[in-house]
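So this block is model11.cif, mmCIF, N, CA and C atoms:
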```
data_model
#
loop_
_atom_site.label_atom_id
_atom_site.label_comp_id
_atom_site.auth_asym_id
_atom_site.auth_seq_id
_atom_site.Cartn_x
_atom_site.Cartn_y
_atom_site.Cartn_z
N MET A 24 -76.24 58.69 31.07
CA MET A 24 -76.58 57.91 29.89
C MET A 24 -76.94 56.50 30.34
N THR A 25 -77.99 55.95 29.80
CA THR A 25 -78.42 54.60 30.17
C THR A 25 -77.94 53.60 29.12
N ASP A 26 -77.87 52.35 29.54
CA ASP A 26 -77.50 51.30 28.59
C ASP A 26 -78.59 51.14 27.55
N LEU A 27 -78.18 50.83 26.36
CA LEU A 27 -79.16 50.56 25.31
C LEU A 27 -79.82 49.22 25.56
N PRO A 28 -81.05 49.04 25.15
CA PRO A 28 -81.70 47.74 25.32
C PRO A 28 -80.94 46.66 24.56
N ASN A 29 -81.01 45.44 25.06
CA ASN A 29 -80.29 44.32 24.46
C ASN A 29 -80.60 44.15 22.98
N SER A 30 -81.79 44.55 22.55
CA SER A 30 -82.17 44.39 21.15
C SER A 30 -81.31 45.25 20.23
N SER A 31 -80.55 46.20 20.78
CA SER A 31 -79.69 47.01 19.94
C SER A 31 -78.37 46.30 19.64
N ALA A 32 -78.12 45.15 20.29
CA ALA A 32 -76.89 44.41 20.04
C ALA A 32 -76.91 43.84 18.63
N LEU A 33 -75.76 43.83 18.01
CA LEU A 33 -75.65 43.28 16.66
C LEU A 33 -76.20 41.85 16.62
N PHE A 34 -75.93 41.08 17.65
CA PHE A 34 -76.41 39.71 17.72
C PHE A 34 -77.90 39.64 17.39
N ASP A 35 -78.69 40.46 18.04
CA ASP A 35 -80.14 40.45 17.81
C ASP A 35 -80.51 41.05 16.46
N ARG A 36 -79.86 42.13 16.10
CA ARG A 36 -80.23 42.83 14.86
C ARG A 36 -80.05 41.97 13.62
N ILE A 37 -79.04 41.09 13.62
CA ILE A 37 -78.77 40.34 12.38
C ILE A 37 -79.34 38.93 12.40
N GLY A 38 -80.03 38.55 13.44
CA GLY A 38 -80.70 37.25 13.42
C GLY A 38 -80.20 36.22 14.40
N GLY A 39 -79.37 36.63 15.33
CA GLY A 39 -78.96 35.75 16.41
C GLY A 39 -78.05 34.61 16.00
N SER A 40 -78.15 33.53 16.75
CA SER A 40 -77.24 32.39 16.59
C SER A 40 -77.24 31.84 15.17
N ALA A 41 -78.40 31.75 14.55
CA ALA A 41 -78.48 31.18 13.20
C ALA A 41 -77.61 31.96 12.21
N THR A 42 -77.60 33.27 12.33
CA THR A 42 -76.80 34.09 11.41
C THR A 42 -75.32 33.91 11.67
N PHE A 43 -74.91 33.89 12.93
CA PHE A 43 -73.50 33.69 13.23
C PHE A 43 -73.04 32.29 12.83
N ASP A 44 -73.90 31.30 13.02
CA ASP A 44 -73.55 29.94 12.59
C ASP A 44 -73.38 29.90 11.06
N ALA A 45 -74.26 30.56 10.33
CA ALA A 45 -74.16 30.60 8.87
C ALA A 45 -72.87 31.31 8.45
N LEU A 46 -72.56 32.42 9.11
CA LEU A 46 -71.33 33.16 8.82
C LEU A 46 -70.11 32.26 8.97
N VAL A 47 -70.02 31.58 10.10
CA VAL A 47 -68.83 30.79 10.39
C VAL A 47 -68.75 29.57 9.48
N ARG A 48 -69.85 28.93 9.18
CA ARG A 48 -69.82 27.78 8.27
C ARG A 48 -69.37 28.21 6.87
N LYS A 49 -69.86 29.36 6.42
CA LYS A 49 -69.43 29.88 5.11
C LYS A 49 -67.94 30.20 5.14
N PHE A 50 -67.47 30.80 6.22
CA PHE A 50 -66.05 31.10 6.39
C PHE A 50 -65.22 29.82 6.27
N TYR A 51 -65.64 28.77 6.94
CA TYR A 51 -64.87 27.52 6.93
C TYR A 51 -64.92 26.80 5.59
N GLU A 52 -65.89 27.11 4.74
CA GLU A 52 -65.85 26.58 3.38
C GLU A 52 -64.58 27.06 2.68
N GLY A 53 -64.24 28.31 2.88
CA GLY A 53 -63.01 28.86 2.30
C GLY A 53 -61.77 28.29 2.96
N ILE A 54 -61.79 28.14 4.26
CA ILE A 54 -60.64 27.60 4.98
C ILE A 54 -60.32 26.19 4.48
N ARG A 55 -61.35 25.40 4.25
CA ARG A 55 -61.14 24.01 3.79
C ARG A 55 -60.35 23.95 2.49
N GLU A 56 -60.45 24.99 1.67
CA GLU A 56 -59.78 25.01 0.37
C GLU A 56 -58.46 25.78 0.38
N ASP A 57 -58.07 26.32 1.51
CA ASP A 57 -56.89 27.18 1.59
C ASP A 57 -55.66 26.37 2.01
N ASP A 58 -54.71 26.24 1.11
CA ASP A 58 -53.53 25.41 1.37
C ASP A 58 -52.64 25.95 2.49
N ARG A 59 -52.71 27.22 2.78
CA ARG A 59 -51.89 27.81 3.85
C ARG A 59 -52.59 27.78 5.21
N LEU A 60 -53.88 28.06 5.23
CA LEU A 60 -54.59 28.13 6.50
C LEU A 60 -55.15 26.78 6.96
N ARG A 61 -55.52 25.92 6.04
CA ARG A 61 -56.15 24.65 6.41
C ARG A 61 -55.31 23.83 7.39
N PRO A 62 -53.98 23.77 7.25
CA PRO A 62 -53.19 22.97 8.20
C PRO A 62 -53.29 23.46 9.65
N MET A 63 -53.74 24.66 9.87
CA MET A 63 -53.88 25.17 11.24
C MET A 63 -55.10 24.60 11.95
N TYR A 64 -55.97 23.92 11.22
CA TYR A 64 -57.22 23.41 11.78
C TYR A 64 -57.23 21.89 11.72
N PRO A 65 -57.05 21.22 12.86
CA PRO A 65 -57.04 19.75 12.87
C PRO A 65 -58.36 19.17 12.35
N GLU A 66 -58.25 18.21 11.46
CA GLU A 66 -59.44 17.59 10.85
C GLU A 66 -60.39 17.04 11.90
N ASP A 67 -59.84 16.43 12.94
CA ASP A 67 -60.70 15.82 13.95
C ASP A 67 -61.35 16.83 14.89
N ASP A 68 -61.03 18.11 14.73
CA ASP A 68 -61.63 19.13 15.58
C ASP A 68 -62.21 20.29 14.77
N LEU A 69 -62.49 20.06 13.51
CA LEU A 69 -63.03 21.14 12.68
C LEU A 69 -64.39 21.62 13.20
N GLU A 70 -65.24 20.70 13.60
CA GLU A 70 -66.53 21.11 14.15
C GLU A 70 -66.33 21.89 15.45
N GLY A 71 -65.34 21.50 16.23
CA GLY A 71 -65.03 22.23 17.45
C GLY A 71 -64.59 23.65 17.15
N ALA A 72 -63.75 23.80 16.12
CA ALA A 72 -63.29 25.14 15.72
C ALA A 72 -64.47 25.99 15.25
N ILE A 73 -65.37 25.37 14.51
CA ILE A 73 -66.55 26.09 14.04
C ILE A 73 -67.39 26.56 15.23
N TRP A 74 -67.62 25.68 16.20
CA TRP A 74 -68.40 26.06 17.37
C TRP A 74 -67.71 27.20 18.12
N ARG A 75 -66.39 27.08 18.34
CA ARG A 75 -65.68 28.08 19.13
C ARG A 75 -65.75 29.46 18.48
N LEU A 76 -65.54 29.54 17.18
CA LEU A 76 -65.60 30.84 16.51
C LEU A 76 -67.01 31.41 16.55
N SER A 77 -67.99 30.60 16.25
CA SER A 77 -69.37 31.09 16.27
C SER A 77 -69.77 31.53 17.67
N ALA A 78 -69.48 30.71 18.67
CA ALA A 78 -69.85 31.06 20.05
C ALA A 78 -69.13 32.31 20.51
N PHE A 79 -67.85 32.43 20.15
CA PHE A 79 -67.11 33.64 20.52
C PHE A 79 -67.74 34.88 19.90
N LEU A 80 -67.99 34.84 18.59
CA LEU A 80 -68.57 36.01 17.91
C LEU A 80 -69.96 36.34 18.45
N GLN A 81 -70.75 35.32 18.72
CA GLN A 81 -72.08 35.57 19.29
C GLN A 81 -71.97 36.31 20.62
N GLN A 82 -71.08 35.82 21.47
CA GLN A 82 -70.90 36.46 22.78
C GLN A 82 -70.38 37.88 22.63
N TYR A 83 -69.39 38.06 21.76
CA TYR A 83 -68.79 39.38 21.59
C TYR A 83 -69.84 40.41 21.15
N PHE A 84 -70.75 39.97 20.31
CA PHE A 84 -71.74 40.90 19.75
C PHE A 84 -73.07 40.89 20.50
N GLY A 85 -73.07 40.44 21.75
CA GLY A 85 -74.23 40.59 22.60
C GLY A 85 -75.12 39.38 22.76
N GLY A 86 -74.66 38.23 22.30
CA GLY A 86 -75.45 37.01 22.43
C GLY A 86 -75.12 36.24 23.69
N PRO A 87 -75.47 34.97 23.71
CA PRO A 87 -75.26 34.14 24.90
C PRO A 87 -73.78 34.02 25.26
N THR A 88 -73.52 33.74 26.51
CA THR A 88 -72.15 33.65 27.02
C THR A 88 -71.61 32.22 27.02
N ASP A 89 -72.10 31.39 26.13
CA ASP A 89 -71.67 29.98 26.08
C ASP A 89 -70.16 29.85 25.94
N TYR A 90 -69.55 30.72 25.14
CA TYR A 90 -68.11 30.61 24.93
C TYR A 90 -67.36 30.72 26.26
N SER A 91 -67.57 31.80 26.97
CA SER A 91 -66.87 32.00 28.24
C SER A 91 -67.32 31.00 29.30
N ASP A 92 -68.58 30.62 29.27
CA ASP A 92 -69.06 29.63 30.23
C ASP A 92 -68.29 28.32 30.09
N GLN A 93 -67.94 27.95 28.86
CA GLN A 93 -67.26 26.68 28.62
C GLN A 93 -65.75 26.80 28.54
N ARG A 94 -65.23 27.95 28.09
CA ARG A 94 -63.80 28.06 27.84
C ARG A 94 -63.10 29.13 28.66
N GLY A 95 -63.83 29.90 29.42
CA GLY A 95 -63.23 30.98 30.18
C GLY A 95 -62.98 32.20 29.31
N HIS A 96 -62.10 33.07 29.79
CA HIS A 96 -61.78 34.29 29.05
C HIS A 96 -61.24 33.93 27.67
N PRO A 97 -61.63 34.66 26.63
CA PRO A 97 -61.18 34.31 25.27
C PRO A 97 -59.66 34.28 25.07
N ARG A 98 -58.92 35.20 25.64
CA ARG A 98 -57.45 35.22 25.49
C ARG A 98 -57.02 34.92 24.05
N LEU A 99 -57.53 35.68 23.13
CA LEU A 99 -57.30 35.38 21.71
C LEU A 99 -55.83 35.33 21.33
N ARG A 100 -55.05 36.30 21.76
CA ARG A 100 -53.62 36.27 21.38
C ARG A 100 -52.93 35.04 21.94
N MET A 101 -53.22 34.70 23.17
CA MET A 101 -52.59 33.53 23.78
C MET A 101 -53.00 32.25 23.05
N ARG A 102 -54.28 32.12 22.74
CA ARG A 102 -54.77 30.91 22.09
C ARG A 102 -54.23 30.75 20.67
N HIS A 103 -53.85 31.84 20.05
CA HIS A 103 -53.34 31.79 18.67
C HIS A 103 -51.82 31.87 18.60
N ALA A 104 -51.15 32.00 19.71
CA ALA A 104 -49.70 32.20 19.72
C ALA A 104 -48.94 31.04 19.08
N ALA A 105 -49.46 29.84 19.16
CA ALA A 105 -48.76 28.67 18.60
C ALA A 105 -48.82 28.62 17.08
N PHE A 106 -49.67 29.43 16.49
CA PHE A 106 -49.84 29.42 15.05
C PHE A 106 -48.97 30.48 14.38
N HIS A 107 -48.52 30.18 13.19
CA HIS A 107 -47.69 31.08 12.39
C HIS A 107 -48.64 32.05 11.67
N VAL A 108 -48.94 33.16 12.31
CA VAL A 108 -49.88 34.13 11.74
C VAL A 108 -49.09 35.33 11.24
N ASN A 109 -48.78 35.27 9.95
CA ASN A 109 -48.05 36.37 9.32
C ASN A 109 -49.06 37.24 8.55
N PRO A 110 -48.61 38.34 7.94
CA PRO A 110 -49.56 39.19 7.21
C PRO A 110 -50.32 38.46 6.10
N ASP A 111 -49.67 37.50 5.43
CA ASP A 111 -50.37 36.73 4.40
C ASP A 111 -51.50 35.90 5.02
N ALA A 112 -51.24 35.26 6.14
CA ALA A 112 -52.28 34.47 6.81
C ALA A 112 -53.44 35.37 7.22
N LYS A 113 -53.12 36.55 7.73
CA LYS A 113 -54.18 37.52 8.09
C LYS A 113 -55.02 37.87 6.88
N GLU A 114 -54.37 38.18 5.77
CA GLU A 114 -55.11 38.56 4.56
C GLU A 114 -55.95 37.41 4.02
N ARG A 115 -55.44 36.20 4.08
CA ARG A 115 -56.21 35.04 3.64
C ARG A 115 -57.43 34.85 4.54
N TRP A 116 -57.21 34.95 5.86
CA TRP A 116 -58.31 34.82 6.82
C TRP A 116 -59.39 35.85 6.52
N LEU A 117 -58.95 37.09 6.31
CA LEU A 117 -59.91 38.16 6.02
C LEU A 117 -60.63 37.94 4.69
N ALA A 118 -59.95 37.41 3.69
CA ALA A 118 -60.61 37.15 2.39
C ALA A 118 -61.72 36.12 2.55
N HIS A 119 -61.46 35.06 3.30
CA HIS A 119 -62.50 34.06 3.53
C HIS A 119 -63.64 34.65 4.36
N MET A 120 -63.29 35.46 5.34
CA MET A 120 -64.32 36.08 6.17
C MET A 120 -65.11 37.11 5.38
N ARG A 121 -64.45 37.83 4.47
CA ARG A 121 -65.15 38.82 3.64
C ARG A 121 -66.25 38.14 2.82
N ARG A 122 -65.92 36.99 2.20
CA ARG A 122 -66.92 36.27 1.43
C ARG A 122 -68.07 35.82 2.33
N ALA A 123 -67.74 35.38 3.53
CA ALA A 123 -68.77 34.93 4.46
C ALA A 123 -69.67 36.09 4.90
N VAL A 124 -69.07 37.22 5.22
CA VAL A 124 -69.85 38.39 5.62
C VAL A 124 -70.74 38.84 4.47
N ASP A 125 -70.19 38.90 3.27
CA ASP A 125 -70.98 39.33 2.11
C ASP A 125 -72.17 38.41 1.87
N SER A 126 -72.02 37.13 2.17
CA SER A 126 -73.11 36.17 1.94
C SER A 126 -74.31 36.45 2.84
N LEU A 127 -74.11 37.18 3.92
CA LEU A 127 -75.21 37.48 4.85
C LEU A 127 -76.11 38.60 4.37
N GLN A 128 -75.61 39.45 3.48
CA GLN A 128 -76.37 40.59 2.95
C GLN A 128 -76.95 41.45 4.08
N LEU A 129 -76.06 41.88 4.94
CA LEU A 129 -76.45 42.72 6.08
C LEU A 129 -76.65 44.16 5.66
N SER A 130 -77.30 44.92 6.51
CA SER A 130 -77.42 46.36 6.27
C SER A 130 -76.01 46.96 6.34
N PRO A 131 -75.78 48.08 5.69
CA PRO A 131 -74.44 48.69 5.73
C PRO A 131 -73.97 48.97 7.16
N MET A 132 -74.86 49.41 8.04
CA MET A 132 -74.47 49.70 9.41
C MET A 132 -74.03 48.41 10.13
N ASP A 133 -74.80 47.36 10.00
CA ASP A 133 -74.47 46.11 10.68
C ASP A 133 -73.23 45.47 10.08
N GLU A 134 -73.12 45.51 8.77
CA GLU A 134 -71.93 44.97 8.11
C GLU A 134 -70.69 45.72 8.56
N GLY A 135 -70.79 47.04 8.67
CA GLY A 135 -69.66 47.85 9.10
C GLY A 135 -69.22 47.54 10.51
N GLU A 136 -70.18 47.36 11.41
CA GLU A 136 -69.85 47.03 12.79
C GLU A 136 -69.15 45.68 12.88
N LEU A 137 -69.67 44.70 12.17
CA LEU A 137 -69.07 43.37 12.18
C LEU A 137 -67.69 43.39 11.54
N TRP A 138 -67.58 44.01 10.37
CA TRP A 138 -66.31 44.01 9.63
C TRP A 138 -65.22 44.78 10.37
N ASP A 139 -65.59 45.87 10.99
CA ASP A 139 -64.61 46.64 11.75
C ASP A 139 -63.95 45.76 12.82
N TYR A 140 -64.76 45.02 13.55
CA TYR A 140 -64.19 44.15 14.57
C TYR A 140 -63.32 43.06 13.94
N LEU A 141 -63.80 42.42 12.89
CA LEU A 141 -63.05 41.31 12.27
C LEU A 141 -61.69 41.78 11.75
N GLU A 142 -61.64 42.95 11.16
CA GLU A 142 -60.35 43.48 10.69
C GLU A 142 -59.40 43.74 11.85
N ARG A 143 -59.90 44.35 12.89
CA ARG A 143 -59.04 44.63 14.05
C ARG A 143 -58.57 43.34 14.71
N ALA A 144 -59.46 42.38 14.85
CA ALA A 144 -59.10 41.10 15.47
C ALA A 144 -58.05 40.38 14.63
N ALA A 145 -58.22 40.36 13.32
CA ALA A 145 -57.25 39.68 12.45
C ALA A 145 -55.88 40.34 12.55
N LEU A 146 -55.85 41.65 12.56
CA LEU A 146 -54.58 42.35 12.68
C LEU A 146 -53.91 42.03 14.01
N SER A 147 -54.68 41.94 15.06
CA SER A 147 -54.09 41.69 16.38
C SER A 147 -53.54 40.27 16.52
N MET A 148 -53.92 39.37 15.64
CA MET A 148 -53.42 37.99 15.71
C MET A 148 -52.06 37.82 15.03
N VAL A 149 -51.65 38.78 14.21
CA VAL A 149 -50.35 38.67 13.53
C VAL A 149 -49.26 38.60 14.59
N ASN A 150 -48.45 37.55 14.51
CA ASN A 150 -47.40 37.33 15.50
C ASN A 150 -46.03 37.10 14.89
N THR A 151 -45.91 37.22 13.57
CA THR A 151 -44.63 37.08 12.90
C THR A 151 -44.70 37.74 11.53
N PHE A 152 -43.55 38.14 11.03
CA PHE A 152 -43.47 38.66 9.67
C PHE A 152 -42.67 37.72 8.79
N GLU A 153 -42.35 36.56 9.32
CA GLU A 153 -41.60 35.55 8.57
C GLU A 153 -42.54 34.80 7.64
N ASP A 154 -41.94 34.28 6.55
CA ASP A 154 -42.70 33.46 5.62
C ASP A 154 -43.14 32.19 6.34
N TYR A 155 -44.00 31.43 5.71
CA TYR A 155 -44.47 30.18 6.31
C TYR A 155 -43.31 29.22 6.50
N PRO A 156 -43.33 28.46 7.60
CA PRO A 156 -42.28 27.45 7.79
C PRO A 156 -42.44 26.34 6.76
N SER A 157 -41.37 25.64 6.49
CA SER A 157 -41.43 24.57 5.50
C SER A 157 -42.22 23.38 6.01
N SER A 158 -42.26 23.18 7.32
CA SER A 158 -43.07 22.11 7.87
C SER A 158 -44.49 22.61 8.09
N SER A 159 -45.41 21.71 8.36
CA SER A 159 -46.80 22.11 8.54
C SER A 159 -46.94 22.94 9.83
N SER A 160 -47.98 23.73 9.87
CA SER A 160 -48.24 24.60 11.02
C SER A 160 -48.61 23.77 12.23
N PRO A 161 -48.31 24.27 13.43
CA PRO A 161 -48.69 23.53 14.64
C PRO A 161 -50.20 23.46 14.78
N LYS A 162 -50.66 22.42 15.40
CA LYS A 162 -52.10 22.24 15.62
C LYS A 162 -52.33 22.28 17.11
N VAL A 163 -53.25 23.13 17.51
CA VAL A 163 -53.56 23.26 18.93
C VAL A 163 -55.00 22.87 19.17
#
```

Could you rewrite the structure in this file as structure tokens?
Amino acid sequence: MTDLPNSSALFDRIGGSATFDALVRKFYEGIREDDRLRPMYPEDDLEGAIWRLSAFLQQYFGGPTDYSDQRGHPRLRMRHAAFHVNPDAKERWLAHMRRAVDSLQLSPMDEGELWDYLERAALSMVNTFEDYPSSSSPKV
């Protein structure tokens, strides 16, 4: 079996960097309004968070390797370990991402491929079943 041509990557099929940037910016519109998730994102690094998520998703789905070139291996669980990610945080994250994915109006096949990964990734980030701490979430 041979490798499929690069054009079969989701990155190319849905419009490349511009589409992933639009997805992530729409996602962060919801994060900005979320009283539970917003404290996890430092105000002075919000643009950095936007770049990191977009670059990571682009690379994961067959686009440029800018994320790894600048940050090394993604190590998602390690990078998120300092955050209080309980099932409620996962569901909130997914709700904001669902609205962002829906805004793209992708084909059912492309939407399914993207959503399948996002659901699995969100589930893998859960690191506690405790309620939110009374103090604000750590910022990394």

Pick out the residues sitting within 8 Å of stretch 117-119 of chain A, and hand them over as a list in words; count all atoms listed in the file, and ignore anything fewer than 6 positions along from it in its own chain.
Lys49, Phe50, Tyr51, Glu52, Gly53, Ile54, Asp111, Asp125, Leu141, Glu142 and Ala145 of chain A

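For the pair atom C of A:Asp67 and atom N of A:Gln81, the interatomic distance is 21.1 Å.
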
Could you list, as a PyMOL selection string, every residue within 7 Å of A:Phe152, counting all atoms listed in the file and ignoring same-chain residues fewer than 3 positions away?
chain A and resi 108-110+149

Write a file of the just-selected residues containing N, CA and C atoms, as a PDB file, in the frame of the given file.
```
ATOM      1  N   VAL A 108     -48.940  33.160  12.310  1.00  0.00           N
ATOM      2  CA  VAL A 108     -49.880  34.130  11.740  1.00  0.00           C
ATOM      3  C   VAL A 108     -49.090  35.330  11.240  1.00  0.00           C
ATOM      4  N   ASN A 109     -48.780  35.270   9.950  1.00  0.00           N
ATOM      5  CA  ASN A 109     -48.050  36.370   9.320  1.00  0.00           C
ATOM      6  C   ASN A 109     -49.060  37.240   8.550  1.00  0.00           C
ATOM      7  N   PRO A 110     -48.610  38.340   7.940  1.00  0.00           N
ATOM      8  CA  PRO A 110     -49.560  39.190   7.210  1.00  0.00           C
ATOM      9  C   PRO A 110     -50.320  38.460   6.100  1.00  0.00           C
ATOM     10  N   VAL A 149     -51.650  38.780  14.210  1.00  0.00           N
ATOM     11  CA  VAL A 149     -50.350  38.670  13.530  1.00  0.00           C
ATOM     12  C   VAL A 149     -49.260  38.600  14.590  1.00  0.00           C
TER      13      VAL A 149
END
```

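Residue membership of the PyMOL selection byres (((chain A and resi 42 and name CA) around 12) and name CA) in the shown file amounts to Leu33, Phe34, Asp35, Arg36, Ile37, Gly38, Gly39, Ser40, Ala41, Phe43, Asp44, Ala45, Leu46, Val47, Arg48, Lys49, Ser77, Ala78, Leu80, Gln81, Phe84, Gly86, Ala123, Val124, Ser126, Leu127, Gln128 and Leu129 of chain A.
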
Here is a test: counting all atoms listed in the file, which residue of A:Ala105, A:Ala32, A:Ala144, A:Met120 is nearest to A:Gly85?
A:Ala32

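The gap separating atom N of A:Gly135 from atom C of A:Ala104 is 29.0 Å, in Å to one decimal.
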
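Minimum atom-to-atom distances from A:Lys113, A:Arg94, A:His107, A:Arg102 to A:Asp154 were compared using all atoms listed in the file, and the lowest value belongs to A:His107.
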
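By chain and then residue number, the residues within 12 Å of A:Glu66 are Tyr51, Ile54, Arg55, Arg61, Pro62, Glu70, Gly71, Ala72, Ile73, Lys162 and Val163 of chain A, counting only C-alpha atoms and disregarding those fewer than 4 positions away in sequence.
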
Got time to write the residues from that selection, N, CA and C atoms, as a PDB file, in the frame of the given file?
```pdb
ATOM      1  N   TYR A  51     -65.640  28.770   6.940  1.00  0.00           N
ATOM      2  CA  TYR A  51     -64.870  27.520   6.930  1.00  0.00           C
ATOM      3  C   TYR A  51     -64.920  26.800   5.590  1.00  0.00           C
ATOM      4  N   ILE A  54     -61.790  28.140   4.260  1.00  0.00           N
ATOM      5  CA  ILE A  54     -60.640  27.600   4.980  1.00  0.00           C
ATOM      6  C   ILE A  54     -60.320  26.190   4.480  1.00  0.00           C
ATOM      7  N   ARG A  55     -61.350  25.400   4.250  1.00  0.00           N
ATOM      8  CA  ARG A  55     -61.140  24.010   3.790  1.00  0.00           C
ATOM      9  C   ARG A  55     -60.350  23.950   2.490  1.00  0.00           C
ATOM     10  N   ARG A  61     -55.520  25.920   6.040  1.00  0.00           N
ATOM     11  CA  ARG A  61     -56.150  24.650   6.410  1.00  0.00           C
ATOM     12  C   ARG A  61     -55.310  23.830   7.390  1.00  0.00           C
ATOM     13  N   PRO A  62     -53.980  23.770   7.250  1.00  0.00           N
ATOM     14  CA  PRO A  62     -53.190  22.970   8.200  1.00  0.00           C
ATOM     15  C   PRO A  62     -53.290  23.460   9.650  1.00  0.00           C
ATOM     16  N   GLU A  70     -65.240  20.700  13.600  1.00  0.00           N
ATOM     17  CA  GLU A  70     -66.530  21.110  14.150  1.00  0.00           C
ATOM     18  C   GLU A  70     -66.330  21.890  15.450  1.00  0.00           C
ATOM     19  N   GLY A  71     -65.340  21.500  16.230  1.00  0.00           N
ATOM     20  CA  GLY A  71     -65.030  22.230  17.450  1.00  0.00           C
ATOM     21  C   GLY A  71     -64.590  23.650  17.150  1.00  0.00           C
ATOM     22  N   ALA A  72     -63.750  23.800  16.120  1.00  0.00           N
ATOM     23  CA  ALA A  72     -63.290  25.140  15.720  1.00  0.00           C
ATOM     24  C   ALA A  72     -64.470  25.990  15.250  1.00  0.00           C
ATOM     25  N   ILE A  73     -65.370  25.370  14.510  1.00  0.00           N
ATOM     26  CA  ILE A  73     -66.550  26.090  14.040  1.00  0.00           C
ATOM     27  C   ILE A  73     -67.390  26.560  15.230  1.00  0.00           C
ATOM     28  N   LYS A 162     -50.660  22.420  15.400  1.00  0.00           N
ATOM     29  CA  LYS A 162     -52.100  22.240  15.620  1.00  0.00           C
ATOM     30  C   LYS A 162     -52.330  22.280  17.110  1.00  0.00           C
ATOM     31  N   VAL A 163     -53.250  23.130  17.510  1.00  0.00           N
ATOM     32  CA  VAL A 163     -53.560  23.260  18.930  1.00  0.00           C
ATOM     33  C   VAL A 163     -55.000  22.870  19.170  1.00  0.00           C
TER      34      VAL A 163
END
```

Which of stretch 84-137 of chain A end up as alpha helix (DSSP H) when DSSP is run on this backbone - answer as a ChimeraX atom specification?
/A:89-94,99-103,110-127,131-137

Work out how far atom CA of A:Ser147 is from atom CA of A:Arg121, in Å to one decimal.
17.1 Å

Within 7 Å of A:Ser91 using all atoms listed in the file, minus same-chain residues under 5 positions, as an mmCIF file with N, CA and C atoms, keeping the file's coordinate frame:
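Listing of selection.cif after writing:
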```cif
data_model
loop_
_atom_site.group_PDB
_atom_site.id
_atom_site.type_symbol
_atom_site.label_atom_id
_atom_site.label_comp_id
_atom_site.auth_asym_id
_atom_site.auth_seq_id
_atom_site.Cartn_x
_atom_site.Cartn_y
_atom_site.Cartn_z
ATOM 1 N N ALA A 78 -69.480 30.710 18.670
ATOM 2 C CA ALA A 78 -69.850 31.060 20.050
ATOM 3 C C ALA A 78 -69.130 32.310 20.510
ATOM 4 N N PHE A 79 -67.850 32.430 20.150
ATOM 5 C CA PHE A 79 -67.110 33.640 20.520
ATOM 6 C C PHE A 79 -67.740 34.880 19.900
ATOM 7 N N HIS A 96 -62.100 33.070 29.790
ATOM 8 C CA HIS A 96 -61.780 34.290 29.050
ATOM 9 C C HIS A 96 -61.240 33.930 27.670
ATOM 10 N N PRO A 97 -61.630 34.660 26.630
ATOM 11 C CA PRO A 97 -61.180 34.310 25.270
ATOM 12 C C PRO A 97 -59.660 34.280 25.070
#
```
